[in-house]
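S.K.: Got a structure for you, questions after.
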Amino acid sequence: MIPGGGQPNMQQLLQQAQKMQQDLANAQEELARTEVDGQAGGGLVKATVTGSGELRGLVIDPKAVDPEDTETLADLIVAAVQAANENAQALQQQKLGPLAQGLGGAGGIPGLPF
């Protein structure tokens, strides 16, 4: 036994870790439900992804479709999806960043050496 009542402190750390784990799971679930948009070509192509980065929708304005120039359309689609994913990453930082800091930044638990 650790002098000075070390056991309750370990129990408290374990409870904090479990709460942080539950908060993280809740935030990840919320991200999976939240949809984020990105666009390219001044709105000619719009992509919708979840906060976790899953592509959910793609809208292409007919003006963007030129049978003679499919490369530009492909570039617009890639750019719109990338923009949506960047927005999703920003949302992830907003939702998960505070939780990661609570875990010690690098995944560790405050007070523990890992």
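Quick note on naming: the chains in the structure tokens go A, B, ... in the order shown, residues restart at 1 in each chain, and ligands are numbered from 1 in order of appearance.
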Counting only C-alpha atoms, what is within 10 Å of stretch 86-97 of chain A, bar same-chain residues fewer than 3 positions away, as a list in words?
M.R.: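 Answer for this query is Asp23, Leu24, Ala25, Asn26, Ala27, Gln28, Glu30, Leu31, Thr34, Glu35, Val36, Asp37, Gly38, Thr48, Val49, Thr50, Gly51, Ser52, Gly53, Glu54, Ala80, Val81, Gln82, Ala83, Ala100, Gln101, Gly102, Leu103 and Gly105 of chain A.
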S.K.: Give me a file of those residues, with N, CA, C and O atoms, as a CSV table (one decimal), in the first residue's frame.
M.R.:
```csv
chain,number,residue,atom,x,y,z
A,23,ASP,N,-16.4,10.9,-23.2
A,23,ASP,CA,-16.5,12.2,-23.9
A,23,ASP,C,-16.0,12.1,-25.3
A,23,ASP,O,-16.6,12.6,-26.2
A,24,LEU,N,-14.8,11.4,-25.4
A,24,LEU,CA,-14.2,11.2,-26.8
A,24,LEU,C,-15.2,10.4,-27.7
A,24,LEU,O,-15.4,10.8,-28.8
A,25,ALA,N,-15.7,9.4,-27.1
A,25,ALA,CA,-16.7,8.5,-27.9
A,25,ALA,C,-17.9,9.4,-28.3
A,25,ALA,O,-18.4,9.3,-29.5
A,26,ASN,N,-18.4,10.2,-27.4
A,26,ASN,CA,-19.6,11.0,-27.7
A,26,ASN,C,-19.2,12.0,-28.8
A,26,ASN,O,-20.0,12.3,-29.7
A,27,ALA,N,-18.0,12.6,-28.7
A,27,ALA,CA,-17.6,13.6,-29.7
A,27,ALA,C,-17.4,13.0,-31.1
A,27,ALA,O,-17.8,13.5,-32.1
A,28,GLN,N,-16.9,11.8,-31.1
A,28,GLN,CA,-16.7,11.1,-32.4
A,28,GLN,C,-18.0,10.7,-33.0
A,28,GLN,O,-18.2,10.8,-34.2
A,30,GLU,N,-20.8,12.3,-32.6
A,30,GLU,CA,-21.4,13.6,-33.1
A,30,GLU,C,-20.8,14.0,-34.4
A,30,GLU,O,-21.4,14.4,-35.3
A,31,LEU,N,-19.4,13.8,-34.5
A,31,LEU,CA,-18.7,14.1,-35.8
A,31,LEU,C,-19.3,13.2,-36.9
A,31,LEU,O,-19.4,13.7,-38.0
A,34,THR,N,-22.5,14.8,-38.1
A,34,THR,CA,-22.5,16.2,-38.6
A,34,THR,C,-22.0,16.2,-40.0
A,34,THR,O,-21.0,15.6,-40.4
A,35,GLU,N,-22.7,16.9,-40.9
A,35,GLU,CA,-22.3,17.1,-42.3
A,35,GLU,C,-21.7,18.5,-42.5
A,35,GLU,O,-22.1,19.5,-42.0
A,36,VAL,N,-20.6,18.5,-43.3
A,36,VAL,CA,-19.8,19.7,-43.6
A,36,VAL,C,-19.7,19.8,-45.1
A,36,VAL,O,-19.5,18.8,-45.8
A,37,ASP,N,-19.8,21.0,-45.6
A,37,ASP,CA,-19.7,21.2,-47.1
A,37,ASP,C,-18.4,21.8,-47.5
A,37,ASP,O,-17.7,22.5,-46.7
A,38,GLY,N,-18.1,21.6,-48.8
A,38,GLY,CA,-16.9,22.2,-49.4
A,38,GLY,C,-17.3,22.5,-50.9
A,38,GLY,O,-18.2,21.8,-51.4
A,48,THR,N,-20.3,17.2,-49.9
A,48,THR,CA,-20.7,17.1,-48.5
A,48,THR,C,-20.1,15.9,-47.8
A,48,THR,O,-20.2,14.8,-48.4
A,49,VAL,N,-19.4,16.1,-46.7
A,49,VAL,CA,-18.8,15.0,-46.0
A,49,VAL,C,-19.3,15.0,-44.5
A,49,VAL,O,-19.7,16.1,-44.1
A,50,THR,N,-19.1,13.9,-43.8
A,50,THR,CA,-19.4,14.0,-42.4
A,50,THR,C,-18.2,14.6,-41.7
A,50,THR,O,-17.1,14.7,-42.3
A,51,GLY,N,-18.4,14.9,-40.5
A,51,GLY,CA,-17.3,15.5,-39.7
A,51,GLY,C,-16.1,14.5,-39.5
A,51,GLY,O,-15.0,14.9,-39.2
A,52,SER,N,-16.4,13.2,-39.8
A,52,SER,CA,-15.3,12.2,-39.7
A,52,SER,C,-14.7,12.0,-41.1
A,52,SER,O,-13.8,11.1,-41.2
A,53,GLY,N,-15.2,12.7,-42.1
A,53,GLY,CA,-14.5,12.6,-43.4
A,53,GLY,C,-15.2,11.7,-44.4
A,53,GLY,O,-14.7,11.5,-45.5
A,54,GLU,N,-16.3,11.1,-44.1
A,54,GLU,CA,-17.0,10.2,-45.1
A,54,GLU,C,-17.8,11.1,-46.1
A,54,GLU,O,-18.6,11.9,-45.7
A,80,ALA,N,-13.4,20.2,-54.5
A,80,ALA,CA,-14.6,20.3,-53.6
A,80,ALA,C,-14.5,19.3,-52.4
A,80,ALA,O,-14.8,19.7,-51.3
A,81,VAL,N,-14.1,18.1,-52.8
A,81,VAL,CA,-14.0,17.1,-51.7
A,81,VAL,C,-12.9,17.4,-50.7
A,81,VAL,O,-13.0,17.3,-49.5
A,82,GLN,N,-11.8,17.9,-51.3
A,82,GLN,CA,-10.7,18.4,-50.4
A,82,GLN,C,-11.1,19.5,-49.5
A,82,GLN,O,-10.8,19.5,-48.3
A,83,ALA,N,-11.8,20.5,-50.0
A,83,ALA,CA,-12.3,21.6,-49.2
A,83,ALA,C,-13.3,21.1,-48.1
A,83,ALA,O,-13.2,21.6,-47.0
A,100,ALA,N,-8.3,16.0,-26.4
A,100,ALA,CA,-6.9,15.6,-26.6
A,100,ALA,C,-6.0,16.3,-25.6
A,100,ALA,O,-5.1,15.7,-25.0
A,101,GLN,N,-6.3,17.6,-25.3
A,101,GLN,CA,-5.5,18.3,-24.3
A,101,GLN,C,-5.8,17.8,-23.0
A,101,GLN,O,-4.9,17.7,-22.1
A,102,GLY,N,-7.0,17.3,-22.7
A,102,GLY,CA,-7.3,16.7,-21.4
A,102,GLY,C,-6.6,15.4,-21.2
A,102,GLY,O,-6.4,15.0,-20.1
A,103,LEU,N,-6.2,14.7,-22.3
A,103,LEU,CA,-5.5,13.5,-22.2
A,103,LEU,C,-4.0,13.7,-22.2
A,103,LEU,O,-3.2,12.8,-22.3
A,105,GLY,N,-2.4,15.8,-24.4
A,105,GLY,CA,-1.9,16.2,-25.7
A,105,GLY,C,-1.4,15.1,-26.5
A,105,GLY,O,-1.8,14.9,-27.6
```
S.K.: In Å, how far is it from atom CA of A:Gln18 to atom CA of A:Ala32?
M.R.: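 Between these atoms lies a distance of 21.1 Å.
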S.K.: So how many Å separate atom CA of A:Glu71 and atom CA of A:Leu58, to one decimal?
M.R.: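 Atom CA of A:Glu71 sits 16.8 Å away from atom CA of A:Leu58.
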S.K.: When you draw a straight line from atom CA of A:Val45 to atom CA of A:Ala64, how long is it in Å?
M.R.: 7.5 Å
S.K.: Would you mind writing down, as a list of chain:residue names, each residue of stretch 5-110 of chain A that DSSP on the backbone assigns to strand (DSSP E or B)?
M.R.: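 Taking stretch 5-110 of chain A and keeping strand (DSSP E or B) only, one gets A:Glu35, A:Val36, A:Asp37, A:Gly38, A:Gln39, A:Ala40, A:Val45, A:Lys46, A:Ala47, A:Thr48, A:Val49, A:Thr50, A:Leu55, A:Arg56, A:Gly57, A:Leu58, A:Val59, A:Ile60.
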S.K.: Just the selected residues (N, CA and C atoms), exported as a PDB file, in the first residue's frame, please.
M.R.:
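The resulting file, selection-v9.pdb, is reproduced below:
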```
ATOM      1  N   GLU A  35     -22.727  16.949 -40.878  1.00  0.00           N
ATOM      2  CA  GLU A  35     -22.317  17.093 -42.274  1.00  0.00           C
ATOM      3  C   GLU A  35     -21.684  18.458 -42.501  1.00  0.00           C
ATOM      4  N   VAL A  36     -20.617  18.468 -43.317  1.00  0.00           N
ATOM      5  CA  VAL A  36     -19.841  19.659 -43.608  1.00  0.00           C
ATOM      6  C   VAL A  36     -19.722  19.765 -45.126  1.00  0.00           C
ATOM      7  N   ASP A  37     -19.814  20.988 -45.648  1.00  0.00           N
ATOM      8  CA  ASP A  37     -19.742  21.199 -47.095  1.00  0.00           C
ATOM      9  C   ASP A  37     -18.410  21.804 -47.510  1.00  0.00           C
ATOM     10  N   GLY A  38     -18.082  21.580 -48.770  1.00  0.00           N
ATOM     11  CA  GLY A  38     -16.949  22.224 -49.415  1.00  0.00           C
ATOM     12  C   GLY A  38     -17.348  22.472 -50.858  1.00  0.00           C
ATOM     13  N   GLN A  39     -16.752  23.469 -51.490  1.00  0.00           N
ATOM     14  CA  GLN A  39     -17.114  23.765 -52.876  1.00  0.00           C
ATOM     15  C   GLN A  39     -15.896  24.189 -53.678  1.00  0.00           C
ATOM     16  N   ALA A  40     -16.061  24.141 -54.991  1.00  0.00           N
ATOM     17  CA  ALA A  40     -14.998  24.552 -55.904  1.00  0.00           C
ATOM     18  C   ALA A  40     -15.637  25.179 -57.134  1.00  0.00           C
ATOM     19  N   VAL A  45     -19.241  22.953 -58.148  1.00  0.00           N
ATOM     20  CA  VAL A  45     -19.210  21.611 -57.577  1.00  0.00           C
ATOM     21  C   VAL A  45     -19.229  21.751 -56.059  1.00  0.00           C
ATOM     22  N   LYS A  46     -20.150  21.038 -55.428  1.00  0.00           N
ATOM     23  CA  LYS A  46     -20.265  21.061 -53.966  1.00  0.00           C
ATOM     24  C   LYS A  46     -20.197  19.636 -53.454  1.00  0.00           C
ATOM     25  N   ALA A  47     -19.389  19.435 -52.415  1.00  0.00           N
ATOM     26  CA  ALA A  47     -19.249  18.126 -51.787  1.00  0.00           C
ATOM     27  C   ALA A  47     -19.701  18.226 -50.343  1.00  0.00           C
ATOM     28  N   THR A  48     -20.316  17.168 -49.858  1.00  0.00           N
ATOM     29  CA  THR A  48     -20.731  17.085 -48.469  1.00  0.00           C
ATOM     30  C   THR A  48     -20.068  15.859 -47.848  1.00  0.00           C
ATOM     31  N   VAL A  49     -19.384  16.076 -46.727  1.00  0.00           N
ATOM     32  CA  VAL A  49     -18.770  14.977 -45.984  1.00  0.00           C
ATOM     33  C   VAL A  49     -19.252  15.045 -44.548  1.00  0.00           C
ATOM     34  N   THR A  50     -19.092  13.929 -43.841  1.00  0.00           N
ATOM     35  CA  THR A  50     -19.371  13.953 -42.413  1.00  0.00           C
ATOM     36  C   THR A  50     -18.175  14.568 -41.708  1.00  0.00           C
ATOM     37  N   LEU A  55     -17.539  10.833 -47.404  1.00  0.00           N
ATOM     38  CA  LEU A  55     -18.240  11.552 -48.469  1.00  0.00           C
ATOM     39  C   LEU A  55     -19.699  11.126 -48.484  1.00  0.00           C
ATOM     40  N   ARG A  56     -20.615  12.099 -48.365  1.00  0.00           N
ATOM     41  CA  ARG A  56     -22.050  11.813 -48.317  1.00  0.00           C
ATOM     42  C   ARG A  56     -22.797  12.321 -49.533  1.00  0.00           C
ATOM     43  N   GLY A  57     -22.290  13.364 -50.181  1.00  0.00           N
ATOM     44  CA  GLY A  57     -23.025  13.914 -51.306  1.00  0.00           C
ATOM     45  C   GLY A  57     -22.127  14.732 -52.215  1.00  0.00           C
ATOM     46  N   LEU A  58     -22.563  14.812 -53.473  1.00  0.00           N
ATOM     47  CA  LEU A  58     -21.829  15.575 -54.475  1.00  0.00           C
ATOM     48  C   LEU A  58     -22.854  16.203 -55.401  1.00  0.00           C
ATOM     49  N   VAL A  59     -22.793  17.522 -55.565  1.00  0.00           N
ATOM     50  CA  VAL A  59     -23.704  18.241 -56.442  1.00  0.00           C
ATOM     51  C   VAL A  59     -22.869  18.932 -57.514  1.00  0.00           C
ATOM     52  N   ILE A  60     -23.216  18.671 -58.772  1.00  0.00           N
ATOM     53  CA  ILE A  60     -22.477  19.249 -59.894  1.00  0.00           C
ATOM     54  C   ILE A  60     -23.440  20.099 -60.710  1.00  0.00           C
TER      55      ILE A  60
END
```
